[in-house]
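Colleague: Input file: work.cif. Contents: mmCIF, C-alpha atoms.
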```cif
data_coords
#
loop_
_atom_site.group_PDB
_atom_site.id
_atom_site.type_symbol
_atom_site.label_atom_id
_atom_site.label_comp_id
_atom_site.auth_asym_id
_atom_site.auth_seq_id
_atom_site.Cartn_x
_atom_site.Cartn_y
_atom_site.Cartn_z
ATOM 1 C CA MET A 1456 -32.641 -65.670 -36.664
ATOM 2 C CA ALA A 1457 -36.383 -66.286 -36.329
ATOM 3 C CA PHE A 1458 -38.743 -64.511 -38.727
ATOM 4 C CA VAL A 1459 -40.690 -61.811 -36.894
ATOM 5 C CA LYS A 1460 -43.967 -60.485 -38.293
ATOM 6 C CA ILE A 1461 -43.753 -56.762 -37.678
ATOM 7 C CA SER A 1462 -47.290 -56.428 -39.019
ATOM 8 C CA GLU A 1463 -48.509 -58.663 -36.171
ATOM 9 C CA GLN A 1464 -46.735 -56.793 -33.371
ATOM 10 C CA PRO A 1465 -48.844 -55.024 -30.695
ATOM 11 C CA SER A 1466 -50.290 -51.665 -31.664
ATOM 12 C CA LEU A 1467 -48.422 -48.559 -30.569
ATOM 13 C CA TYR A 1468 -51.711 -47.426 -29.017
ATOM 14 C CA ASN A 1469 -53.780 -48.908 -26.208
ATOM 15 C CA ASP A 1470 -57.143 -48.536 -24.487
ATOM 16 C CA LEU A 1471 -58.705 -47.728 -27.856
ATOM 17 C CA GLU A 1472 -62.206 -48.207 -26.480
ATOM 18 C CA LYS A 1473 -61.619 -45.307 -24.060
ATOM 19 C CA LYS A 1474 -60.695 -42.813 -26.795
ATOM 20 C CA SER A 1475 -63.032 -40.223 -28.316
ATOM 21 C CA VAL A 1476 -64.002 -40.458 -31.980
ATOM 22 C CA LEU A 1477 -61.702 -37.527 -32.745
ATOM 23 C CA GLU A 1478 -58.785 -39.234 -30.996
ATOM 24 C CA LEU A 1479 -59.402 -42.458 -32.904
ATOM 25 C CA LEU A 1480 -59.576 -40.721 -36.277
ATOM 26 C CA THR A 1481 -56.492 -38.602 -35.551
ATOM 27 C CA ASP A 1482 -54.488 -41.635 -34.437
ATOM 28 C CA ILE A 1483 -55.481 -43.644 -37.505
ATOM 29 C CA ASN A 1484 -54.615 -40.737 -39.791
ATOM 30 C CA ASN A 1485 -51.225 -40.328 -38.128
ATOM 31 C CA GLU A 1486 -50.503 -44.003 -38.716
ATOM 32 C CA ASP A 1487 -51.661 -43.763 -42.333
ATOM 33 C CA LYS A 1488 -49.123 -40.974 -42.921
ATOM 34 C CA LYS A 1489 -46.397 -43.590 -42.494
ATOM 35 C CA VAL A 1490 -47.634 -45.686 -45.423
ATOM 36 C CA ALA A 1491 -46.485 -43.508 -48.328
ATOM 37 C CA LEU A 1492 -43.011 -43.246 -46.814
ATOM 38 C CA ALA A 1493 -42.799 -47.027 -46.488
ATOM 39 C CA VAL A 1494 -43.887 -47.429 -50.125
ATOM 40 C CA GLU A 1495 -41.339 -44.826 -51.230
ATOM 41 C CA LYS A 1496 -38.512 -46.978 -49.868
ATOM 42 C CA ALA A 1497 -39.697 -49.831 -52.096
ATOM 43 C CA ILE A 1498 -39.656 -47.827 -55.360
ATOM 44 C CA PRO A 1499 -36.400 -49.411 -56.644
ATOM 45 C CA GLN A 1500 -37.982 -52.874 -56.440
ATOM 46 C CA ILE A 1501 -41.248 -51.638 -57.954
ATOM 47 C CA GLU A 1502 -39.287 -50.053 -60.815
ATOM 48 C CA LYS A 1503 -37.466 -53.313 -61.476
ATOM 49 C CA LEU A 1504 -40.764 -55.210 -61.555
ATOM 50 C CA VAL A 1505 -42.512 -52.765 -63.882
ATOM 51 C CA THR A 1506 -39.573 -52.807 -66.282
ATOM 52 C CA GLU A 1507 -39.668 -56.607 -66.447
ATOM 53 C CA ILE A 1508 -43.461 -56.699 -66.819
ATOM 54 C CA VAL A 1509 -43.421 -54.294 -69.768
ATOM 55 C CA LYS A 1510 -40.843 -56.432 -71.580
ATOM 56 C CA ARG A 1511 -43.084 -59.448 -71.183
ATOM 57 C CA MET A 1512 -46.357 -57.687 -71.956
ATOM 58 C CA LYS A 1513 -44.955 -56.462 -75.255
ATOM 59 C CA ARG A 1514 -44.551 -60.145 -76.139
ATOM 60 C CA GLY A 1515 -48.100 -60.986 -75.093
ATOM 61 C CA GLY A 1516 -47.546 -61.622 -71.395
ATOM 62 C CA ARG A 1517 -50.073 -60.994 -68.634
ATOM 63 C CA ILE A 1518 -50.098 -59.922 -64.981
ATOM 64 C CA PHE A 1519 -51.566 -62.208 -62.330
ATOM 65 C CA TYR A 1520 -52.228 -61.004 -58.797
ATOM 66 C CA MET A 1521 -52.608 -63.686 -56.120
ATOM 67 C CA GLY A 1522 -53.639 -63.312 -52.499
ATOM 68 C CA ALA A 1523 -55.982 -64.322 -49.708
ATOM 69 C CA GLY A 1524 -58.438 -62.191 -47.745
ATOM 70 C CA THR A 1525 -57.796 -58.459 -47.979
ATOM 71 C CA SER A 1526 -54.670 -59.000 -50.084
ATOM 72 C CA GLY A 1527 -56.573 -61.120 -52.588
ATOM 73 C CA ARG A 1528 -59.464 -58.656 -52.765
ATOM 74 C CA LEU A 1529 -57.121 -55.747 -53.494
ATOM 75 C CA GLY A 1530 -55.468 -57.675 -56.321
ATOM 76 C CA VAL A 1531 -58.850 -58.501 -57.842
ATOM 77 C CA LEU A 1532 -59.902 -54.854 -57.436
ATOM 78 C CA ASP A 1533 -56.850 -53.540 -59.269
ATOM 79 C CA ALA A 1534 -57.238 -56.076 -62.077
ATOM 80 C CA SER A 1535 -60.947 -55.297 -62.489
ATOM 81 C CA GLU A 1536 -60.275 -51.596 -62.987
ATOM 82 C CA ILE A 1537 -57.844 -51.992 -65.891
ATOM 83 C CA PRO A 1538 -60.402 -52.732 -68.674
ATOM 84 C CA PRO A 1539 -62.645 -49.693 -68.039
ATOM 85 C CA THR A 1540 -59.731 -47.354 -67.324
ATOM 86 C CA TYR A 1541 -57.409 -48.342 -70.150
ATOM 87 C CA GLY A 1542 -59.573 -50.294 -72.582
ATOM 88 C CA MET A 1543 -57.518 -53.442 -72.082
ATOM 89 C CA ASP A 1544 -59.033 -56.883 -72.506
ATOM 90 C CA PRO A 1545 -59.800 -58.409 -69.058
ATOM 91 C CA SER A 1546 -57.372 -61.227 -69.835
ATOM 92 C CA TRP A 1547 -54.344 -58.897 -69.580
ATOM 93 C CA VAL A 1548 -54.469 -58.351 -65.802
ATOM 94 C CA ILE A 1549 -56.084 -61.082 -63.704
ATOM 95 C CA GLY A 1550 -56.728 -61.211 -59.974
ATOM 96 C CA LEU A 1551 -56.957 -64.560 -58.167
ATOM 97 C CA ILE A 1552 -58.098 -64.963 -54.577
ATOM 98 C CA ALA A 1553 -57.849 -68.039 -52.373
ATOM 99 C CA GLY A 1554 -61.285 -69.607 -52.240
ATOM 100 C CA GLY A 1555 -62.392 -68.186 -55.595
ATOM 101 C CA ASP A 1556 -64.867 -65.383 -56.229
ATOM 102 C CA THR A 1557 -66.971 -66.426 -53.231
ATOM 103 C CA ALA A 1558 -64.109 -65.192 -51.048
ATOM 104 C CA LEU A 1559 -64.509 -61.653 -52.382
ATOM 105 C CA ARG A 1560 -67.529 -61.214 -50.100
ATOM 106 C CA ASN A 1561 -67.330 -64.082 -47.627
ATOM 107 C CA PRO A 1562 -64.444 -65.854 -45.890
ATOM 108 C CA VAL A 1563 -63.690 -69.309 -47.272
ATOM 109 C CA GLU A 1564 -62.382 -71.450 -44.441
ATOM 110 C CA ASN A 1565 -58.810 -72.743 -44.801
ATOM 111 C CA ALA A 1566 -58.587 -71.727 -48.485
ATOM 112 C CA GLU A 1567 -55.349 -69.831 -47.943
ATOM 113 C CA ASP A 1568 -53.673 -72.843 -46.297
ATOM 114 C CA ASP A 1569 -53.589 -74.966 -49.480
ATOM 115 C CA THR A 1570 -50.074 -74.843 -50.947
ATOM 116 C CA GLU A 1571 -51.113 -76.455 -54.259
ATOM 117 C CA GLN A 1572 -54.351 -74.669 -55.141
ATOM 118 C CA GLY A 1573 -52.662 -71.448 -56.304
ATOM 119 C CA TRP A 1574 -50.778 -73.231 -59.078
ATOM 120 C CA LYS A 1575 -53.945 -75.124 -60.042
ATOM 121 C CA ASP A 1576 -55.785 -71.797 -60.328
ATOM 122 C CA LEU A 1577 -53.029 -70.401 -62.562
ATOM 123 C CA GLN A 1578 -53.073 -73.443 -64.826
ATOM 124 C CA GLU A 1579 -56.691 -72.703 -65.718
ATOM 125 C CA PHE A 1580 -55.329 -69.631 -67.545
ATOM 126 C CA ASN A 1581 -52.557 -71.537 -69.352
ATOM 127 C CA ILE A 1582 -49.882 -69.662 -67.410
ATOM 128 C CA ASN A 1583 -46.580 -69.409 -69.311
ATOM 129 C CA ASP A 1584 -43.134 -67.827 -69.132
ATOM 130 C CA LYS A 1585 -44.284 -64.554 -70.724
ATOM 131 C CA ASP A 1586 -46.500 -63.913 -67.715
ATOM 132 C CA THR A 1587 -45.769 -62.299 -64.353
ATOM 133 C CA VAL A 1588 -47.254 -63.500 -61.066
ATOM 134 C CA ILE A 1589 -47.420 -61.060 -58.159
ATOM 135 C CA GLY A 1590 -48.152 -62.571 -54.767
ATOM 136 C CA ILE A 1591 -49.664 -60.255 -52.161
ATOM 137 C CA ALA A 1592 -49.510 -61.167 -48.465
ATOM 138 C CA ALA A 1593 -49.184 -58.696 -45.608
ATOM 139 C CA SER A 1594 -47.900 -61.410 -43.284
ATOM 140 C CA GLY A 1595 -45.606 -62.829 -45.938
ATOM 141 C CA THR A 1596 -46.532 -66.382 -44.987
ATOM 142 C CA THR A 1597 -49.715 -67.245 -46.952
ATOM 143 C CA PRO A 1598 -49.307 -70.877 -48.191
ATOM 144 C CA TYR A 1599 -51.699 -70.412 -51.146
ATOM 145 C CA VAL A 1600 -49.468 -67.649 -52.514
ATOM 146 C CA ILE A 1601 -46.058 -69.042 -51.587
ATOM 147 C CA GLY A 1602 -46.857 -72.431 -53.090
ATOM 148 C CA ALA A 1603 -47.874 -70.806 -56.365
ATOM 149 C CA LEU A 1604 -44.771 -68.595 -56.508
ATOM 150 C CA ASN A 1605 -42.427 -71.515 -55.872
ATOM 151 C CA THR A 1606 -43.983 -73.543 -58.670
ATOM 152 C CA CYS A 1607 -43.954 -70.555 -61.020
ATOM 153 C CA ARG A 1608 -40.224 -70.127 -60.514
ATOM 154 C CA GLU A 1609 -39.703 -73.813 -61.307
ATOM 155 C CA HIS A 1610 -41.398 -73.102 -64.656
ATOM 156 C CA GLY A 1611 -39.371 -69.963 -65.434
ATOM 157 C CA ILE A 1612 -42.234 -67.544 -64.747
ATOM 158 C CA LEU A 1613 -41.331 -64.125 -63.304
ATOM 159 C CA THR A 1614 -42.564 -63.754 -59.735
ATOM 160 C CA ALA A 1615 -42.891 -60.824 -57.350
ATOM 161 C CA ALA A 1616 -44.089 -60.402 -53.785
ATOM 162 C CA ILE A 1617 -45.743 -57.524 -51.952
ATOM 163 C CA THR A 1618 -45.484 -57.868 -48.174
ATOM 164 C CA SER A 1619 -45.345 -55.820 -44.980
ATOM 165 C CA ASN A 1620 -42.571 -57.849 -43.366
ATOM 166 C CA PRO A 1621 -38.861 -57.863 -44.224
ATOM 167 C CA ASP A 1622 -37.206 -61.172 -45.116
ATOM 168 C CA ALA A 1623 -40.584 -62.898 -45.203
ATOM 169 C CA PRO A 1624 -41.001 -66.402 -46.657
ATOM 170 C CA ILE A 1625 -42.941 -64.900 -49.583
ATOM 171 C CA SER A 1626 -39.928 -62.686 -50.378
ATOM 172 C CA GLN A 1627 -37.728 -65.748 -50.582
ATOM 173 C CA ALA A 1628 -40.208 -67.362 -52.981
ATOM 174 C CA ALA A 1629 -40.168 -64.377 -55.368
ATOM 175 C CA ASP A 1630 -37.706 -63.070 -57.944
ATOM 176 C CA ILE A 1631 -38.512 -59.491 -56.923
ATOM 177 C CA ALA A 1632 -39.499 -58.764 -53.319
ATOM 178 C CA ILE A 1633 -41.372 -55.539 -52.590
ATOM 179 C CA GLU A 1634 -41.274 -55.039 -48.839
ATOM 180 C CA MET A 1635 -43.127 -52.011 -47.508
ATOM 181 C CA VAL A 1636 -42.675 -52.076 -43.758
ATOM 182 C CA VAL A 1637 -45.533 -50.005 -42.357
ATOM 183 C CA GLY A 1638 -45.111 -51.201 -38.769
ATOM 184 C CA PRO A 1639 -47.728 -52.503 -36.320
ATOM 185 C CA GLU A 1640 -51.347 -51.873 -37.212
ATOM 186 C CA TYR A 1641 -53.526 -49.471 -35.197
ATOM 187 C CA VAL A 1642 -55.738 -52.402 -34.233
ATOM 188 C CA THR A 1643 -53.190 -55.148 -33.594
ATOM 189 C CA GLY A 1644 -52.905 -57.485 -36.579
ATOM 190 C CA SER A 1645 -55.620 -55.771 -38.651
ATOM 191 C CA SER A 1646 -53.746 -55.830 -41.936
ATOM 192 C CA ARG A 1647 -56.680 -54.351 -43.864
ATOM 193 C CA MET A 1648 -55.502 -51.020 -42.457
ATOM 194 C CA LYS A 1649 -51.959 -49.749 -43.196
ATOM 195 C CA SER A 1650 -50.880 -52.918 -44.985
ATOM 196 C CA GLY A 1651 -53.962 -52.852 -47.202
ATOM 197 C CA THR A 1652 -53.499 -49.163 -47.946
ATOM 198 C CA GLY A 1653 -49.892 -49.752 -48.945
ATOM 199 C CA GLN A 1654 -50.818 -52.739 -51.115
ATOM 200 C CA LYS A 1655 -53.406 -50.628 -52.945
ATOM 201 C CA MET A 1656 -50.838 -47.887 -53.537
ATOM 202 C CA ILE A 1657 -48.297 -50.334 -54.937
ATOM 203 C CA CYS A 1658 -50.826 -52.065 -57.193
ATOM 204 C CA ASN A 1659 -51.839 -48.624 -58.509
ATOM 205 C CA MET A 1660 -48.198 -47.789 -59.183
ATOM 206 C CA ILE A 1661 -47.509 -51.068 -60.974
ATOM 207 C CA THR A 1662 -50.471 -51.155 -63.344
ATOM 208 C CA THR A 1663 -50.626 -47.406 -63.982
ATOM 209 C CA SER A 1664 -46.974 -47.217 -64.978
ATOM 210 C CA VAL A 1665 -47.270 -50.420 -67.034
ATOM 211 C CA MET A 1666 -50.311 -49.087 -68.907
ATOM 212 C CA ILE A 1667 -48.537 -45.792 -69.621
ATOM 213 C CA GLN A 1668 -45.504 -47.701 -70.904
ATOM 214 C CA MET A 1669 -47.833 -49.788 -73.071
ATOM 215 C CA GLY A 1670 -49.179 -46.643 -74.742
ATOM 216 C CA ARG A 1671 -52.599 -46.535 -73.078
ATOM 217 C CA VAL A 1672 -52.188 -42.907 -71.951
ATOM 218 C CA LYS A 1673 -51.529 -39.837 -74.083
ATOM 219 C CA GLY A 1674 -50.321 -36.714 -72.325
ATOM 220 C CA ASN A 1675 -52.088 -37.384 -69.068
ATOM 221 C CA LYS A 1676 -55.364 -38.759 -70.409
ATOM 222 C CA MET A 1677 -56.999 -42.200 -70.508
ATOM 223 C CA VAL A 1678 -57.445 -42.244 -74.277
ATOM 224 C CA ASN A 1679 -58.529 -45.902 -74.371
ATOM 225 C CA MET A 1680 -61.054 -45.848 -71.510
ATOM 226 C CA GLN A 1681 -64.377 -47.617 -71.970
ATOM 227 C CA LEU A 1682 -67.390 -45.348 -72.437
ATOM 228 C CA SER A 1683 -69.460 -47.188 -69.867
ATOM 229 C CA ASN A 1684 -71.496 -44.294 -68.443
ATOM 230 C CA ALA A 1685 -72.525 -40.702 -69.158
ATOM 231 C CA LYS A 1686 -69.693 -39.263 -67.056
ATOM 232 C CA LEU A 1687 -67.071 -41.100 -69.090
ATOM 233 C CA VAL A 1688 -68.723 -40.188 -72.398
ATOM 234 C CA ASP A 1689 -68.578 -36.540 -71.358
ATOM 235 C CA ARG A 1690 -64.953 -36.857 -70.250
ATOM 236 C CA GLY A 1691 -64.024 -38.561 -73.525
ATOM 237 C CA THR A 1692 -65.887 -35.949 -75.559
ATOM 238 C CA ARG A 1693 -63.969 -33.167 -73.864
ATOM 239 C CA MET A 1694 -60.719 -34.992 -74.639
ATOM 240 C CA VAL A 1695 -61.664 -35.085 -78.337
ATOM 241 C CA VAL A 1696 -62.624 -31.402 -78.243
ATOM 242 C CA GLU A 1697 -59.243 -30.555 -76.725
ATOM 243 C CA GLU A 1698 -57.307 -32.787 -79.115
ATOM 244 C CA LEU A 1699 -59.047 -31.879 -82.388
ATOM 245 C CA GLY A 1700 -60.632 -28.496 -81.713
ATOM 246 C CA LEU A 1701 -64.092 -29.715 -82.763
ATOM 247 C CA PRO A 1702 -67.425 -28.462 -81.393
ATOM 248 C CA TYR A 1703 -68.679 -30.553 -78.448
ATOM 249 C CA ASP A 1704 -71.583 -32.188 -80.318
ATOM 250 C CA GLU A 1705 -69.408 -33.168 -83.278
ATOM 251 C CA ALA A 1706 -66.729 -34.516 -80.938
ATOM 252 C CA LYS A 1707 -69.339 -36.591 -79.083
ATOM 253 C CA ARG A 1708 -70.727 -38.004 -82.333
ATOM 254 C CA LEU A 1709 -67.233 -38.963 -83.465
ATOM 255 C CA LEU A 1710 -66.408 -40.524 -80.095
ATOM 256 C CA LEU A 1711 -69.544 -42.642 -79.963
ATOM 257 C CA LEU A 1712 -68.998 -43.748 -83.556
ATOM 258 C CA HIS A 1713 -65.499 -45.064 -82.848
ATOM 259 C CA GLY A 1714 -65.899 -46.035 -79.182
ATOM 260 C CA GLU A 1715 -62.566 -44.679 -77.911
ATOM 261 C CA VAL A 1716 -60.862 -41.302 -77.747
ATOM 262 C CA LYS A 1717 -57.733 -42.572 -79.485
ATOM 263 C CA ARG A 1718 -59.606 -44.314 -82.293
ATOM 264 C CA ALA A 1719 -61.861 -41.295 -82.798
ATOM 265 C CA CYS A 1720 -58.911 -38.921 -83.074
ATOM 266 C CA ASP A 1721 -56.913 -41.252 -85.310
ATOM 267 C CA ALA A 1722 -59.891 -41.753 -87.637
ATOM 268 C CA TYR A 1723 -60.593 -38.025 -87.874
ATOM 269 C CA ARG A 1724 -56.968 -37.244 -88.683
ATOM 270 C CA ALA A 1725 -56.857 -39.986 -91.315
ATOM 271 C CA GLU A 1726 -60.028 -38.670 -92.986
ATOM 272 C CA ASN A 1727 -58.777 -35.089 -92.974
ATOM 273 C CA ALA A 1728 -55.130 -35.684 -93.840
#
```
Any chance you could give the structure as structure tokens?

Modeller:
Amino acid sequence: MAFVKISEQPSLYNDLEKKSVLELLTDINNEDKKVALAVEKAIPQIEKLVTEIVKRMKRGGRIFYMGAGTSGRLGVLDASEIPPTYGMDPSWVIGLIAGGDTALRNPVENAEDDTEQGWKDLQEFNINDKDTVIGIAASGTTPYVIGALNTCREHGILTAAITSNPDAPISQAADIAIEMVVGPEYVTGSSRMKSGTGQKMICNMITTSVMIQMGRVKGNKMVNMQLSNAKLVDRGTRMVVEELGLPYDEAKRLLLLHGEVKRACDAYRAENA
């Protein structure tokens, strides 16, 4: 049976240029409502992946996202938000995009068609069998990603795939296939829409649950976040106030001294034990 790209099928809507702005926005919103339900069906596979990642991360493993175009940009986005949110070193979660960082802002012609470049990019980070490589491709056919996943499996590296098409080639190249079938896009083939939204949701789910499992959240708070602006200093100060019962100014002084909510609280408790 031939592989059919559901994500490339004609839109369920037509004559878009004849619609009012309200009709366009309502239609898009109605399509977006389908995304969370599609992601929900993939939770068992996401759970399996997170469980395996945590095992490896506790032994020093890392997460690598790989993709091209929108898929690559979303992987890089998720990876870039882990250090400020959870205080993790940037080397723990890494996003790679076909064509390199230039491709974050500008298309790099034919970069995604190279089946060998993905593995070359991974080798620059001394990829090893403690690591996990997650390939993201709405179509499920991106050579840059599939080539990397196939080579990773040959080297005993855990692989996963996030795609919008069932039984896609990328799924066959991965140990764990996360297939969130969101259906045809509102603008035919525009995978930055529902597919991109679903990819972002899944990346959020993966790294958030991994970071919680790795002890980077206490209660419901980001106790290891970086204090990179006034808003975050204020948020961290209020966390210390809540945790230790100190006046705001004293909590802020303690926080800035130690640089993290968790370290500030641990140090205060140790000094006042």

Colleague: Please evaluate the PyMOL selection byres ((chain A and resi 1536-1547) around 9) against the displayed coordinates and give the resulting residues as a list in words.

Modeller: Met1512, Gly1515, Gly1516, Arg1517, Ile1518, Phe1519, Val1531, Leu1532, Asp1533, Ala1534, Ser1535, Val1548, Ile1549, Phe1580, Thr1662, Thr1663, Met1666, Arg1671, Val1672, Met1677, Val1678, Asn1679, Met1680, Gln1681, Leu1682, Ser1683 and Glu1715 of chain A

Colleague: Name the closest residue to A:Ser1462 among the candidates A:Asn1561, A:Ser1619, A:Asn1485, A:Gln1500; distances are taken between atoms, counting all atoms listed in the file.

Modeller: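 When distances to A:Ser1462 are compared using all atoms listed in the file, the smallest one comes from A:Ser1619.
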
Colleague: For stretch 1583-1696 of chain A versus stretch 1502-1505 of chain A, which residues have an atom no more than 8 Å away, and what is each residue's nearest atom pair and distance in Å rounded to one decimal, using all atoms listed in the file, chain-then-number order, as a tab-separated table?

Modeller:
```
residue	atom	partner	partner_atom	distance
A:Ala1615	CA	A:Leu1504	CA	7.3
A:Ile1631	CA	A:Leu1504	CA	6.7
A:Ile1661	CA	A:Val1505	CA	6.0
A:Ser1664	CA	A:Val1505	CA	7.2
A:Val1665	CA	A:Val1505	CA	6.2
```

Colleague: Smallest atom-to-atom distance to A:Thr1652: which of A:Thr1618, A:Gln1578, A:Gln1464, A:Thr1597, using only C-alpha atoms?

Modeller: A:Thr1618

Colleague: For A:Val1642, which residue out of A:Leu1471, A:Ile1501, A:Ala1725, A:Ala1457 is the nearest one, using only C-alpha atoms?

Modeller: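 Looking at the shortest contact to A:Val1642, the residue is A:Leu1471.
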
Colleague: Just checking: using only C-alpha atoms, which residue out of A:Leu1559, A:Ala1593, A:Leu1604, A:Met1660 ends up closest to A:Lys1575?

Modeller: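 Nearest candidate to A:Lys1575 out of A:Leu1559, A:Ala1593, A:Leu1604, A:Met1660: A:Leu1604.
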
Colleague: Please identify all polymer residues lying at most 12 Å from the point (-57.3, -73.9, -47.5) (file coordinates), using all atoms listed in the file, and present the result as an MDAnalysis selection string.

Modeller: chainID A and resid 1523:1524 1552:1555 1558 1562:1573 1597:1600 1602

Colleague: Show which residues sit within 7 Å of stretch 1690-1702 of chain A, as an MDAnalysis selection string. Count only C-alpha atoms, and ignore same-chain residues fewer than 4 positions away.

Modeller: chainID A and resid 1686 1706:1707 1710 1716 1720

Colleague: Those residues you just picked out, can you put them in a file as a PDB file, keeping the file's coordinate frame with C-alpha atoms?

Modeller:
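Final file, again-v7.pdb:
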```pdb
ATOM      1  CA  LYS A1686     -69.693 -39.263 -67.056  1.00  0.00           C
ATOM      2  CA  ALA A1706     -66.729 -34.516 -80.938  1.00  0.00           C
ATOM      3  CA  LYS A1707     -69.339 -36.591 -79.083  1.00  0.00           C
ATOM      4  CA  LEU A1710     -66.408 -40.524 -80.095  1.00  0.00           C
ATOM      5  CA  VAL A1716     -60.862 -41.302 -77.747  1.00  0.00           C
ATOM      6  CA  CYS A1720     -58.911 -38.921 -83.074  1.00  0.00           C
TER       7      CYS A1720
END
```

Colleague: Would you give the centre and edge lengths, in Å to one decimal, of a box along x, y and z around the listed atoms of stretch 1598-1612 of chain A, with 6 Å added to each side, as AutoDock Vina command-line options?

Modeller:
```
--center_x -45.5 --center_y -70.7 --center_z -56.8 --size_x 24.3 --size_y 18.3 --size_z 29.2
```

Colleague: Quick one: pull the distance between atom CA of A:Arg1647 and atom CA of A:Met1635, Å, one decimal.

Modeller: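 It comes out at 14.2 Å.
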
Colleague: Give me, please, the distance in Å between atom CA of A:Tyr1468 and atom CA of A:Gly1651, quoted to one decimal.

Modeller: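 Atom CA of A:Gly1651 lies at a distance of 19.1 Å from atom CA of A:Tyr1468.
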
Colleague: Using all atoms listed in the file, can you list as a tab-separated table (two decimals) with C-alpha atoms, keeping the file's coordinate frame the residues within 9 Å of (-45.9, -55.4, -34.8)?

Modeller:
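Listing of out.tsv after writing:
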```tsv
chain	number	residue	atom	x	y	z
A	1459	VAL	CA	-40.69	-61.81	-36.89
A	1460	LYS	CA	-43.97	-60.48	-38.29
A	1461	ILE	CA	-43.75	-56.76	-37.68
A	1462	SER	CA	-47.29	-56.43	-39.02
A	1463	GLU	CA	-48.51	-58.66	-36.17
A	1464	GLN	CA	-46.74	-56.79	-33.37
A	1465	PRO	CA	-48.84	-55.02	-30.70
A	1466	SER	CA	-50.29	-51.66	-31.66
A	1467	LEU	CA	-48.42	-48.56	-30.57
A	1638	GLY	CA	-45.11	-51.20	-38.77
A	1639	PRO	CA	-47.73	-52.50	-36.32
A	1640	GLU	CA	-51.35	-51.87	-37.21
A	1643	THR	CA	-53.19	-55.15	-33.59
A	1644	GLY	CA	-52.90	-57.48	-36.58
```

Colleague: Give me, please, the distance in Å between atom CA of A:Tyr1641 and atom CA of A:Leu1480, quoted to one decimal.

Modeller: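 Atom CA of A:Tyr1641 sits 10.7 Å away from atom CA of A:Leu1480.
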
Colleague: So that I can see what lies close to A:Leu1551, please list as a list in words the residues with an atom at most 7 Å from it, counting only C-alpha atoms and leaving out residues fewer than 3 positions away in the same chain.

Modeller: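 So the residues in contact are Tyr1520, Met1521, Gly1522, Gly1527 and Val1531 of chain A.
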
Colleague: Filtering to C-alpha atoms, could you give me those residues as a PDB file, in the frame of the given file?

Modeller:
```pdb
ATOM      1  CA  TYR A1520     -52.228 -61.004 -58.797  1.00  0.00           C
ATOM      2  CA  MET A1521     -52.608 -63.686 -56.120  1.00  0.00           C
ATOM      3  CA  GLY A1522     -53.639 -63.312 -52.499  1.00  0.00           C
ATOM      4  CA  GLY A1527     -56.573 -61.120 -52.588  1.00  0.00           C
ATOM      5  CA  VAL A1531     -58.850 -58.501 -57.842  1.00  0.00           C
TER       6      VAL A1531
END
```

Colleague: Which residue is closest to A:Gly1674? Choose from A:Lys1717, A:Arg1514, A:Arg1560, A:Arg1528 and count only C-alpha atoms.

Modeller: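 Among the listed residues, A:Lys1717 lies closest to A:Gly1674.
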